[in-house]
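**Student:** What follows is run-v5.txt; its format and atoms are compact mmCIF, C-alpha atoms.
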```txt
# COMPACT_ATOMS: atom_id res chain seq x y z
CA MET A 1 -2.27 10.62 -21.72
CA ILE A 2 1.28 10.17 -20.70
CA ASP A 3 3.04 7.14 -22.06
CA SER A 4 5.05 6.14 -19.01
CA LYS A 5 8.43 4.66 -19.76
CA ILE A 6 11.34 4.02 -17.52
CA ALA A 7 14.70 5.61 -18.27
CA ASP A 8 17.52 3.10 -18.22
CA GLU A 9 20.26 5.46 -19.28
CA GLU A 10 21.60 8.80 -18.11
CA LEU A 11 19.79 11.80 -19.54
CA GLU A 12 21.27 15.14 -20.53
CA LEU A 13 18.71 17.82 -19.74
CA ALA A 14 18.84 21.61 -19.80
CA ASP A 15 20.07 23.10 -16.54
CA SER A 16 16.64 24.37 -15.57
CA LEU A 17 14.55 23.10 -12.67
CA ASP A 18 11.34 23.98 -14.51
CA SER A 19 12.22 22.17 -17.69
CA ILE A 20 13.58 19.12 -15.83
CA ASN A 21 10.35 18.88 -13.89
CA ASP A 22 8.36 19.33 -17.08
CA THR A 23 10.24 16.43 -18.70
CA PHE A 24 9.76 14.16 -15.69
CA TYR A 25 6.06 14.98 -15.47
CA ARG A 26 5.52 14.41 -19.19
CA ASN A 27 7.19 11.02 -18.95
CA GLY A 28 5.04 9.98 -15.99
CA TRP A 29 8.02 9.68 -13.62
CA THR A 30 6.58 11.79 -10.80
CA ASP A 31 3.73 11.67 -8.31
CA GLY A 32 2.61 15.07 -9.60
CA LEU A 33 4.74 17.07 -7.20
CA PRO A 34 8.01 18.66 -8.35
CA ILE A 35 11.05 16.42 -7.87
CA VAL A 36 14.64 17.02 -6.90
CA PRO A 37 16.70 16.32 -10.05
CA PRO A 38 18.57 13.02 -9.54
CA VAL A 39 21.94 14.31 -10.67
CA ARG A 40 24.94 12.00 -10.48
CA GLU A 41 26.52 13.50 -7.34
CA ARG A 42 23.32 13.25 -5.32
CA VAL A 43 22.65 9.70 -6.48
CA ASP A 44 26.22 8.64 -5.68
CA GLY A 45 25.86 10.12 -2.20
CA MET A 46 22.74 8.06 -1.60
CA VAL A 47 24.36 4.88 -2.93
CA SER A 48 27.38 5.44 -0.73
CA ALA A 49 25.19 5.88 2.36
CA SER A 50 23.63 2.46 1.74
CA GLY A 51 26.96 0.72 2.23
CA LEU A 52 26.06 -1.51 -0.74
CA PRO A 53 27.28 -1.68 -4.35
CA ALA A 54 25.25 0.40 -6.81
CA ASP A 55 24.22 -2.70 -8.75
CA HIS A 56 23.18 -4.68 -5.67
CA LEU A 57 19.66 -5.96 -6.27
CA GLY A 58 17.26 -4.96 -3.52
CA ALA A 59 14.24 -6.61 -5.13
CA GLU A 60 12.34 -7.09 -8.35
CA ILE A 61 9.20 -4.98 -8.23
CA PRO A 62 5.99 -6.34 -9.76
CA PRO A 63 4.05 -6.19 -11.95
CA LYS A 64 6.76 -4.97 -14.33
CA MET A 65 9.41 -6.93 -12.40
CA GLY A 66 11.71 -3.92 -12.65
CA ARG A 67 15.06 -4.36 -10.94
CA ALA A 68 15.26 -2.19 -7.85
CA THR A 69 19.03 -1.96 -7.61
CA VAL A 70 20.55 0.22 -4.94
CA GLU A 71 21.25 2.85 -7.62
CA LYS A 72 17.64 2.93 -8.81
CA ILE A 73 16.37 3.09 -5.25
CA ALA A 74 18.79 6.00 -4.74
CA ILE A 75 17.56 7.82 -7.86
CA ASN A 76 13.97 7.72 -6.64
CA GLY A 77 15.10 8.66 -3.14
CA VAL A 78 16.84 11.77 -4.45
CA MET A 79 13.76 12.66 -6.53
CA ALA A 80 11.61 12.39 -3.39
CA GLY A 81 13.89 14.71 -1.42
CA CYS A 82 15.53 12.08 0.81
CA LEU A 83 18.84 12.67 2.56
CA PRO A 84 21.55 9.99 2.23
CA ALA A 85 21.01 8.99 5.87
CA TYR A 86 17.51 7.72 4.95
CA MET A 87 18.86 5.28 2.36
CA PRO A 88 19.10 2.23 4.69
CA VAL A 89 15.39 2.65 5.50
CA LEU A 90 14.52 2.68 1.80
CA VAL A 91 16.51 -0.47 1.07
CA ALA A 92 14.99 -2.34 4.02
CA ALA A 93 11.47 -1.19 3.13
CA ILE A 94 11.81 -2.33 -0.48
CA THR A 95 13.09 -5.72 0.68
CA ALA A 96 10.08 -5.98 3.00
CA LEU A 97 7.61 -5.00 0.26
CA ALA A 98 9.03 -7.65 -2.07
CA ASP A 99 8.54 -10.39 0.55
CA ASP A 100 5.90 -12.83 -0.73
CA ARG A 101 3.83 -12.40 2.43
CA TYR A 102 3.10 -8.79 1.43
CA ASP A 103 1.66 -9.80 -1.97
CA LEU A 104 3.06 -6.76 -3.76
CA LYS A 105 1.79 -7.87 -7.17
CA GLY A 106 -1.76 -7.82 -5.89
CA ARG A 107 -1.31 -4.55 -4.00
CA GLN A 108 0.13 -2.79 -7.07
CA THR A 109 -2.91 -3.52 -9.23
CA THR A 110 -5.89 -3.67 -6.88
CA THR A 111 -8.93 -1.39 -6.84
CA HIS A 112 -8.62 -1.30 -3.02
CA ALA A 113 -7.46 1.95 -1.39
CA GLY A 114 -4.32 0.51 0.14
CA ALA A 115 -0.84 1.99 0.37
CA PRO A 116 2.25 0.67 2.11
CA LEU A 117 2.33 2.16 5.59
CA LEU A 118 5.90 2.17 6.91
CA ILE A 119 6.35 1.93 10.68
CA VAL A 120 9.95 2.54 11.77
CA ASN A 121 11.31 1.36 15.11
CA GLY A 122 14.61 1.51 16.94
CA PRO A 123 17.49 3.96 17.33
CA ILE A 124 17.39 5.21 13.73
CA VAL A 125 14.10 7.00 14.49
CA LYS A 126 15.80 9.68 16.60
CA ARG A 127 19.05 9.57 14.65
CA ILE A 128 17.41 10.79 11.45
CA GLY A 129 14.75 12.89 13.19
CA MET A 130 11.52 11.08 12.38
CA ASN A 131 8.16 12.19 13.70
CA TYR A 132 6.69 9.66 16.13
CA GLY A 133 4.80 12.29 18.13
CA ALA A 134 2.27 15.04 17.49
CA GLY A 135 0.96 15.00 13.95
CA CYS A 136 2.95 11.90 12.99
CA PHE A 137 0.65 11.14 10.04
CA GLY A 138 0.88 14.76 8.89
CA PRO A 139 3.38 17.17 7.37
CA GLY A 140 6.54 18.79 8.62
CA TRP A 141 9.21 16.13 9.14
CA ARG A 142 11.51 15.44 6.23
CA PRO A 143 12.11 11.69 6.79
CA ASN A 144 8.39 10.92 7.11
CA ALA A 145 7.59 13.08 4.10
CA THR A 146 10.32 11.85 1.77
CA ILE A 147 10.87 8.18 2.69
CA GLY A 148 7.22 7.37 2.01
CA ARG A 149 7.33 9.46 -1.15
CA ALA A 150 10.40 7.61 -2.40
CA ILE A 151 8.65 4.27 -1.86
CA ARG A 152 5.73 5.46 -4.02
CA LEU A 153 8.08 6.65 -6.78
CA ILE A 154 9.89 3.28 -6.70
CA LEU A 155 6.59 1.38 -6.95
CA MET A 156 5.59 3.53 -9.92
CA ASN A 157 8.88 3.97 -11.76
CA ILE A 158 10.51 0.59 -11.17
CA GLY A 159 7.40 -1.54 -10.54
CA GLY A 160 5.29 0.08 -13.25
CA ALA A 161 2.32 0.98 -11.04
CA ILE A 162 1.11 3.72 -13.37
CA PRO A 163 -1.81 5.40 -11.60
CA GLY A 164 -5.12 4.67 -13.34
CA GLU A 165 -3.67 2.15 -15.76
CA ILE A 166 -1.76 -0.46 -13.74
CA ASP A 167 -2.50 0.88 -10.26
CA SER A 168 -6.24 0.44 -10.60
CA ALA A 169 -7.28 1.92 -7.25
CA THR A 170 -10.82 3.23 -7.47
CA HIS A 171 -9.87 6.19 -5.27
CA GLY A 172 -6.44 5.57 -3.78
CA HIS A 173 -5.74 7.73 -0.72
CA PRO A 174 -3.35 10.49 0.32
CA GLY A 175 -1.00 7.91 1.85
CA LYS A 176 -0.01 7.05 -1.68
CA TYR A 177 2.04 10.27 -1.68
CA THR A 178 3.78 9.29 1.55
CA TYR A 179 2.78 7.03 4.44
CA CYS A 180 5.57 6.72 6.94
CA ILE A 181 5.57 7.04 10.71
CA ALA A 182 7.72 5.92 13.61
CA GLU A 183 6.57 4.35 16.85
CA ASN A 184 6.62 6.49 19.99
CA GLU A 185 8.63 3.97 21.98
CA ASP A 186 9.14 6.31 24.94
CA ALA A 187 5.37 6.55 25.41
CA ASN A 188 4.74 2.85 24.85
CA PRO A 189 4.00 1.15 28.19
CA TRP A 190 4.60 -2.25 26.60
CA GLU A 191 7.21 -3.64 24.23
CA PRO A 192 7.48 -1.80 20.90
CA LEU A 193 6.49 -3.50 17.66
CA HIS A 194 9.97 -4.67 16.64
CA VAL A 195 10.66 -6.20 20.05
CA GLU A 196 7.28 -7.97 19.93
CA ARG A 197 8.42 -9.40 16.61
CA GLY A 198 11.66 -10.78 17.99
CA PHE A 199 14.19 -8.04 17.28
CA PRO A 200 16.46 -6.55 19.98
CA ARG A 201 15.39 -3.10 21.13
CA ALA A 202 18.68 -1.68 19.79
CA THR A 203 17.98 -2.96 16.28
CA SER A 204 16.25 -0.56 13.92
CA THR A 205 13.49 -2.03 11.78
CA VAL A 206 10.90 -1.04 9.25
CA THR A 207 7.51 -2.73 9.12
CA VAL A 208 5.40 -2.47 5.97
CA VAL A 209 1.63 -2.94 6.10
CA ASN A 210 -0.77 -2.37 3.24
CA ALA A 211 -3.19 0.06 4.79
CA GLU A 212 -6.14 2.32 4.13
CA GLY A 213 -6.12 5.86 5.43
CA PRO A 214 -6.05 6.39 9.19
CA HIS A 215 -9.34 7.11 10.98
CA SER A 216 -9.53 9.07 14.23
CA ILE A 217 -10.84 7.42 17.40
CA ASN A 218 -12.00 10.20 19.66
CA ASP A 219 -12.63 9.28 23.29
CA SER A 220 -11.86 11.95 25.87
CA ARG A 221 -14.57 10.90 28.31
CA SER A 222 -14.09 7.23 29.12
CA LYS A 223 -12.73 6.80 32.61
CA THR A 224 -11.67 3.18 32.18
CA ALA A 225 -9.56 1.11 29.86
CA LEU A 226 -12.54 -0.95 28.80
CA GLY A 227 -14.48 2.21 27.96
CA ILE A 228 -11.72 3.35 25.63
CA LEU A 229 -11.49 -0.08 24.06
CA VAL A 230 -15.25 -0.21 23.38
CA THR A 231 -14.81 2.97 21.33
CA CYS A 232 -11.80 1.53 19.51
CA ALA A 233 -13.60 -1.74 18.78
CA SER A 234 -16.59 0.08 17.31
CA THR A 235 -14.42 2.22 15.01
CA MET A 236 -12.42 -0.81 13.88
CA SER A 237 -15.38 -2.98 12.89
CA THR A 238 -17.17 -0.84 10.32
CA LEU A 239 -18.97 -2.52 7.45
CA GLY A 240 -17.11 -1.85 4.23
CA ALA A 241 -13.60 -2.16 5.62
CA ASN A 242 -11.78 -5.18 4.19
CA ASN A 243 -10.98 -6.62 7.59
CA LEU A 244 -14.53 -7.90 8.12
CA TYR A 245 -14.38 -9.85 4.85
CA TYR A 246 -10.71 -10.84 4.64
CA GLN A 247 -9.65 -10.35 8.29
CA GLY A 248 -5.86 -9.80 8.28
CA GLN A 249 -3.90 -7.39 10.42
CA PRO A 250 -5.85 -4.22 11.19
CA ILE A 251 -3.85 -1.59 13.06
CA LEU A 252 -4.63 0.35 16.23
CA VAL A 253 -2.34 3.35 16.69
CA LEU A 254 -2.85 4.26 20.33
CA GLY A 255 -2.21 7.85 21.29
CA PRO A 256 0.09 8.10 24.34
CA GLU A 257 -2.76 9.22 26.62
CA HIS A 258 -4.99 6.29 25.70
CA ALA A 259 -2.04 3.88 25.98
CA ALA A 260 -1.18 5.19 29.45
CA LYS A 261 -4.79 4.76 30.64
CA LEU A 262 -4.93 1.20 29.34
CA ALA A 263 -1.65 0.30 31.05
CA ARG A 264 -2.71 2.07 34.27
CA ASP A 265 -5.75 -0.21 34.43
CA GLY A 266 -3.41 -3.18 34.22
CA LEU A 267 -3.95 -4.22 30.62
CA SER A 268 -1.12 -5.83 28.69
CA LYS A 269 -0.76 -5.31 24.94
CA TYR A 270 -2.14 -8.81 24.45
CA ASP A 271 -5.18 -7.89 26.58
CA VAL A 272 -5.85 -4.99 24.20
CA LYS A 273 -5.59 -7.31 21.20
CA ALA A 274 -7.77 -9.95 22.84
CA PHE A 275 -10.46 -7.34 23.60
CA LEU A 276 -10.46 -6.10 20.01
CA TYR A 277 -10.53 -9.66 18.67
CA GLU A 278 -13.58 -10.45 20.81
CA LYS A 279 -15.46 -7.15 20.57
CA ALA A 280 -14.59 -5.57 17.21
CA ARG A 281 -17.14 -7.68 15.39
CA GLN A 282 -20.28 -7.42 13.31
CA PRO A 283 -23.13 -9.95 13.17
CA ALA A 284 -23.01 -12.42 10.30
CA ARG A 285 -26.39 -11.23 9.07
CA LEU A 286 -24.81 -7.84 8.26
CA VAL A 287 -21.53 -9.18 6.86
CA ARG A 288 -22.85 -11.84 4.49
CA GLY A 289 -23.69 -10.68 1.01
CA ARG A 290 -21.48 -7.62 1.37
CA GLY A 291 -17.92 -6.81 0.35
CA MET A 292 -16.71 -9.18 -2.30
CA GLU A 293 -17.04 -12.94 -2.05
CA VAL A 294 -15.75 -14.35 1.17
CA GLY A 295 -11.99 -14.51 0.71
CA LYS A 296 -10.05 -17.75 0.69
CA GLU A 297 -8.60 -16.75 4.02
CA PHE A 298 -12.03 -16.27 5.66
CA PRO A 299 -12.10 -18.23 8.94
CA ARG A 300 -13.63 -21.64 8.19
CA TRP A 301 -14.86 -21.99 11.77
CA LEU A 302 -17.33 -19.13 11.29
CA ASP A 303 -20.89 -19.98 10.29
CA LEU A 304 -22.05 -17.09 8.15
CA ALA A 305 -25.51 -18.66 7.88
CA ASP A 306 -25.99 -18.28 11.63
CA ASP A 307 -27.53 -14.88 12.42
CA GLN A 308 -26.06 -15.01 15.93
CA GLU A 309 -22.50 -15.52 14.67
CA MET A 310 -20.22 -12.52 15.27
CA VAL A 311 -17.54 -11.95 12.64
CA PRO A 312 -14.13 -10.72 13.87
CA ILE A 313 -11.67 -8.44 12.06
CA ALA A 314 -8.76 -10.87 12.51
CA HIS A 315 -8.21 -14.62 12.75
CA ARG A 316 -6.63 -14.35 16.18
CA PRO A 317 -5.75 -11.63 18.71
CA ASP A 318 -2.08 -11.49 17.77
CA ASP A 319 -2.89 -10.63 14.15
CA ILE A 320 -4.09 -7.20 15.31
CA ILE A 321 -1.21 -4.72 15.22
CA VAL A 322 -1.09 -2.38 18.24
CA ILE A 323 1.46 0.42 18.31
CA VAL A 324 1.82 3.73 20.15
CA ALA A 325 2.36 6.98 18.27
CA GLY A 326 1.17 10.57 18.36
CA GLY A 327 1.18 13.49 20.75
CA GLY A 328 -1.13 15.05 23.33
CA GLY A 329 -4.88 14.48 23.26
CA ALA A 330 -7.19 11.63 24.18
CA LYS A 331 -7.26 10.20 20.69
CA SER A 332 -6.09 7.13 18.83
CA MET A 333 -6.23 6.08 15.19
CA CYS A 334 -7.42 2.92 13.55
CA VAL A 335 -6.04 1.88 10.20
CA PRO A 336 -7.93 -0.79 8.25
CA THR A 337 -5.71 -3.02 6.15
CA ALA A 338 -6.02 -5.00 2.92
CA GLY A 339 -6.88 -8.34 4.50
CA ARG A 340 -5.10 -11.59 5.19
CA GLN A 341 -3.95 -11.96 1.59
CA SER A 342 -1.40 -9.22 2.31
CA LEU A 343 0.49 -9.54 5.57
CA SER A 344 2.80 -7.08 7.29
CA VAL A 345 6.53 -7.70 7.03
CA THR A 346 9.27 -6.40 9.35
CA LYS A 347 12.89 -6.18 8.21
CA PRO A 348 15.99 -4.93 10.03
CA ILE A 349 17.55 -1.69 8.80
CA GLN A 350 21.24 -2.36 8.12
CA MET B 1 -11.56 -9.18 -18.15
CA THR B 2 -13.95 -6.27 -18.19
CA ASP B 3 -13.22 -3.37 -20.53
CA GLU B 4 -12.42 -1.16 -17.51
CA PHE B 5 -9.41 -3.31 -16.53
CA VAL B 6 -8.32 -5.04 -19.73
CA ARG B 7 -5.72 -2.37 -20.51
CA MET B 8 -4.06 -3.13 -17.18
CA GLY B 9 -4.02 -6.82 -18.03
CA HIS B 10 -2.50 -6.14 -21.42
CA LEU B 11 0.20 -3.82 -20.03
CA ILE B 12 1.17 -6.37 -17.38
CA ALA B 13 1.28 -9.17 -19.95
CA GLU B 14 3.41 -6.96 -22.20
CA SER B 15 5.87 -6.18 -19.40
CA LEU B 16 6.17 -9.91 -18.70
CA GLY B 17 7.05 -10.61 -22.34
CA LEU B 18 3.60 -11.78 -23.48
CA PRO B 19 2.31 -8.86 -25.60
CA GLY B 20 0.03 -11.14 -27.61
CA LEU B 21 -1.75 -12.74 -24.66
CA PRO B 22 -5.41 -12.93 -25.71
CA PHE B 23 -7.96 -11.13 -23.56
CA VAL B 24 -11.68 -11.67 -23.91
CA MET B 25 -13.40 -8.42 -23.00
CA LEU B 26 -16.62 -8.22 -21.05
CA PRO B 27 -18.61 -5.03 -20.52
CA HIS B 28 -17.89 -3.52 -17.11
CA PRO B 29 -19.13 -3.97 -14.38
CA LEU B 30 -19.73 -7.53 -13.22
CA SER B 31 -20.32 -6.89 -9.53
CA GLY B 32 -23.80 -6.80 -8.06
CA LEU B 33 -25.49 -8.29 -11.14
CA SER B 34 -28.27 -10.84 -11.21
CA GLU B 35 -27.43 -14.29 -12.52
CA ALA B 36 -29.40 -13.54 -15.67
CA ALA B 37 -27.39 -10.38 -16.32
CA VAL B 38 -24.12 -12.24 -15.76
CA ARG B 39 -25.24 -14.93 -18.22
CA ALA B 40 -26.15 -12.28 -20.78
CA LYS B 41 -22.69 -10.71 -20.52
CA ALA B 42 -21.05 -14.13 -20.75
CA GLN B 43 -23.09 -14.85 -23.86
CA GLN B 44 -21.73 -11.72 -25.51
CA ALA B 45 -18.17 -12.92 -24.93
CA ALA B 46 -18.74 -16.60 -25.69
CA GLU B 47 -18.00 -16.33 -29.38
CA THR B 48 -14.62 -14.62 -28.82
CA ALA B 49 -13.78 -17.01 -26.01
CA LEU B 50 -14.46 -20.00 -28.26
CA ARG B 51 -12.37 -18.50 -31.04
CA VAL B 52 -9.45 -17.82 -28.66
CA LEU B 53 -9.58 -21.36 -27.35
CA THR B 54 -9.62 -22.96 -30.82
CA SER B 55 -7.39 -20.70 -32.96
CA PRO B 56 -3.70 -21.25 -33.69
CA ARG B 57 -1.39 -19.47 -31.28
CA GLU B 58 0.49 -17.54 -33.98
CA SER B 59 -2.59 -15.83 -35.40
CA LEU B 60 -3.83 -14.98 -31.89
CA GLU B 61 -0.46 -13.47 -30.94
CA HIS B 62 -0.50 -11.26 -34.02
CA GLU B 63 -4.10 -10.19 -33.45
CA PHE B 64 -3.84 -9.44 -29.76
CA THR B 65 -0.42 -7.78 -29.92
CA ASN B 66 -2.01 -5.24 -32.23
CA THR B 67 -5.27 -4.86 -30.34
CA LEU B 68 -5.84 -1.37 -28.96
CA TYR B 69 -7.26 -1.62 -25.47
CA PRO B 70 -9.38 1.24 -24.16
CA MET B 71 -8.16 3.57 -21.42
CA PRO B 72 -10.27 2.99 -18.29
CA THR B 73 -13.18 5.42 -18.35
CA GLY B 74 -12.34 6.69 -14.87
CA VAL B 75 -8.85 7.99 -15.77
CA CYS B 76 -8.63 11.77 -16.16
CA PRO B 77 -6.37 13.20 -18.85
CA LYS B 78 -3.34 15.22 -17.77
CA VAL B 79 -3.04 18.72 -19.23
CA LEU B 80 0.39 19.01 -20.80
CA GLU B 81 -0.05 21.89 -23.24
CA GLY B 82 -1.97 25.15 -23.31
CA PRO B 83 -2.12 28.37 -21.38
CA LEU B 84 -1.07 27.04 -17.94
CA GLY B 85 2.62 27.68 -18.56
CA LEU B 86 5.49 26.62 -16.39
```
Could you write out this file's structure as C-alpha cells?
**Tutor:**
Amino acid sequence: MIDSKIADEELELADSLDSINDTFYRNGWTDGLPIVPPVRERVDGMVSASGLPADHLGAEIPPKMGRATVEKIAINGVMAGCLPAYMPVLVAAITALADDRYDLKGRQTTTHAGAPLLIVNGPIVKRIGMNYGAGCFGPGWRPNATIGRAIRLILMNIGGAIPGEIDSATHGHPGKYTYCIAENEDANPWEPLHVERGFPRATSTVTVVNAEGPHSINDSRSKTALGILVTCASTMSTLGANNLYYQGQPILVLGPEHAAKLARDGLSKYDVKAFLYEKARQPARLVRGRGMEVGKEFPRWLDLADDQEMVPIAHRPDDIIVIVAGGGGAKSMCVPTAGRQSLSVTKPIQ
Amino acid sequence: MTDEFVRMGHLIAESLGLPGLPFVMLPHPLSGLSEAAVRAKAQQAAETALRVLTSPRESLEHEFTNTLYPMPTGVCPKVLEGPLGL
C-alpha cells in the first residue's frame, strides 16, 4: 500500500514523463490517471493568472487541515491539466468547499457516495469554453474535465483524503475524478442559479454541492408540464437516496426541452420546486427503519409513526436546486445530494 | 470505532497532532444488528474502554501512538512492481 505523504519542497526528478508519473503514483499524489508534471514555469503561470500572491491562503482543507495556498492550488491545477485561465474558478471553488455550511470534514471521510459537483454560472462559462450543453456531464471539454479533477487532487493531496483510508466511501462514484458543469443560461426560461442566489447576471460564480452521481429522467411522451414533473418527482424520491432521510438540497438538472415545456405551460421555477416538494415523497411506513437513524436535521413536524404521513426530500421548496443544462432530447437528470448536513455554497469568481 | 474505520480515525488524529489518541476497537459492522448483538460487541470492548478511561494519559499516549491499526478490509492493494512495466 502506498504511504501517501505530501511534498512540501521542490523535487528534482529525471526528465522523463514516465518516471515522473511513476513517482507521483507511488507517493499516492494522483487519482490514478497520468498527471501533467507541475514544473515551476507552469505553476507560476497558474499563480499569475489568479491575480493573488502565491502564499495567499485560499482555505485549510480538512481533515489534515493542509494549507491550500494559491501556489498549492496551482500545482494541483497543473497536474490535472488546467489552463491558467481556469485558476480563478479553482480558487473560488476551494473557498466555497471550505465554507462551514458545506461540512467538508464530514464529506472527506464519509462512506456516502458524494463528490463536490461544481456548477459554474456567468460570463466565464463561455470565456473559457465550458460545456453547458450536450453531454455536459461527460467527456470532451477541457475546463469541465480538468477543473473537477484539480478539485479532487486538492482534496486528496492537501486535505489528506486518501482513497480507502481517509476517504472512506463504500463505493465512491465517477464524479470523484471530475464533476463540473456549467448552467445553460441561454436555454433557461427563468433566472439562472447565481441570479436566484442574489448575484448580478454579469458576475461569474461557482456553486459547490456534495452530490451522488446523476440519474437520467427519461420522459419523451408527456404532453404537459405536470406530466413531466410527475416523472421527475418519482425519480427524485427513491428509497435509499439520502434526501429522504436527511432532506437537504437535491438537484434537478432540467434538459432544455423539458425546461421549455414547463415554462410554456406557465410554470415558474418556484412552481417546479413546489411541485417536487409536494410530490417527490415516500410514505412514512416505507421510510422509517431505513437509511441510518433519522438525522438531526429531519423535519420535526413530520410524524414518522403515522402511516399516512408523506416524507419529502427537502425541508421547503426553495431547498431544491433547479438548473438547466444539457442538449437536445426530452431528458433531464436528477442528482441526489448528501443531505441537510452539507449545504450548497455559491461564491463569486474573481 | 469499528476495526474497518479505526485506521481513518488514527490517521486524522495524527494529522491533528494527537497521534496517541486512544481508540477502542469494535468488530465491524454495527449497523443492522439486534440489541443483543450490539450488547455482545460492547461487552467485548468494555474492558479496553474501562482501561482507557482510568489509565494515566502518558502511558496511553505511548501505547496508542505505537498501535498498528489494520487497513480496512475493503481496500485493494495497488500493484507497484512486477511484469506490468511502464
**Student:** Which is closest to chain B among A:Asp44, A:Glu278, A:Asp219, A:Asp167, if we use all atoms listed in the file?
**Tutor:**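 Of all the options, A:Asp167 lies closest to chain B.
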**Student:** Mind running stretch 244-347 of chain A against stretch 228-238 of chain A at 7 Å and telling me each contacting residue's nearest atom pair with the distance in Å (one decimal), counting all atoms listed in the file, chain and number ascending, as a Markdown table?
**Tutor:**
```
| residue | atom | partner | partner_atom | distance |
| --- | --- | --- | --- | --- |
| A:Leu244 | CA | A:Ser237 | CA | 6.9 |
| A:Leu276 | CA | A:Ala233 | CA | 5.5 |
| A:Lys279 | CA | A:Ala233 | CA | 6.0 |
| A:Ala280 | CA | A:Ala233 | CA | 4.3 |
| A:Arg281 | CA | A:Ser237 | CA | 5.6 |
| A:Gln282 | CA | A:Ser237 | CA | 6.6 |
| A:Ile313 | CA | A:Ser237 | CA | 6.7 |
| A:Cys334 | CA | A:Met236 | CA | 6.2 |
```
**Student:** Show me which bits of chain B are within 6 Å of chain A, counting only C-alpha atoms, as a list in words.
**Tutor:** Met8, Ser15, Val75 and Pro77 of chain B
**Student:** One decimal, in Å: what's the spacing between atom CA of A:Ile61 and atom CA of A:Leu155?
**Tutor:**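 We find that atom CA of A:Ile61 and atom CA of A:Leu155 lie 7.0 Å from each other.
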**Student:** I'd like to know which of A:Asn210, A:Thr205, A:Asn188, A:Gln350 is closest to A:Leu97, using all atoms listed in the file.
**Tutor:**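 Looking at the shortest contact to A:Leu97, the residue is A:Asn210.
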**Student:** Between atom CA of A:Glu196 and atom CA of A:Gly327, measure the distance and give it in Å to one decimal.
**Tutor:**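 We find that atom CA of A:Glu196 and atom CA of A:Gly327 lie 22.3 Å from each other.
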**Student:** Find the residues near B:Arg57: any atom within 10 Å, counting all atoms listed in the file, skip ones fewer than 4 places away on the same chain, and give them as a count of residues only.
**Tutor:** 8
**Student:** Report, in Å with one decimal, the straight-line distance from atom CA of A:Glu10 to atom CA of A:Pro84.
**Tutor:**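 Separation of atom CA of A:Glu10 and atom CA of A:Pro84: 20.4 Å.
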**Student:** Closest to A:Pro317 among A:Ala93, A:Leu52, A:Ile119, A:Ala274, using all atoms listed in the file?
**Tutor:**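 Among the listed residues, A:Ala274 lies closest to A:Pro317.
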**Student:** Nearest residue to A:Glu12 out of A:Arg40, A:Arg142, A:Lys273, A:Lys105, using all atoms listed in the file?
**Tutor:**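 Nearest to A:Glu12: A:Arg40.
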**Student:** Let me make sure I understand: among B:His10, B:Leu26, B:Glu47, B:Leu33, which one has the smallest atom-to-atom distance to B:Asn66 if we use only C-alpha atoms?
**Tutor:** B:His10
**Student:** Centre and edge lengths, as lines of an AutoDock Vina configuration file, for the axis-aligned box enclosing every listed atom of stretch 67-80 of chain B with 3 Å of padding on each of the six sides, in Å to one decimal?
**Tutor:**
```
center_x = -6.4
center_y = 7.1
center_z = -22.6
size_x = 19.6
size_y = 29.9
size_z = 21.5
```
**Student:** Might you pull out every residue within 10 Å of A:Pro116, with all atoms listed in the file counted and same-chain residues fewer than 4 positions away left off, and present them as an MDAnalysis selection string?
**Tutor:** chainID A and resid 93 97 102 104 107 148 151:152 175:176 178:180 207:212 337 344
**Student:** I'd like the neighbourhood of stretch 247-258 of chain A as a PyMOL selection string, where a residue qualifies if any of its atoms comes within 9 Å (using only C-alpha atoms), though same-chain residues fewer than 2 positions away should be ignored.
**Tutor:** chain A and resi 133+183-184+187-189+209+211+214+219-220+225+228+232+236+242-245+260-263+295+297-299+312-315+318-344
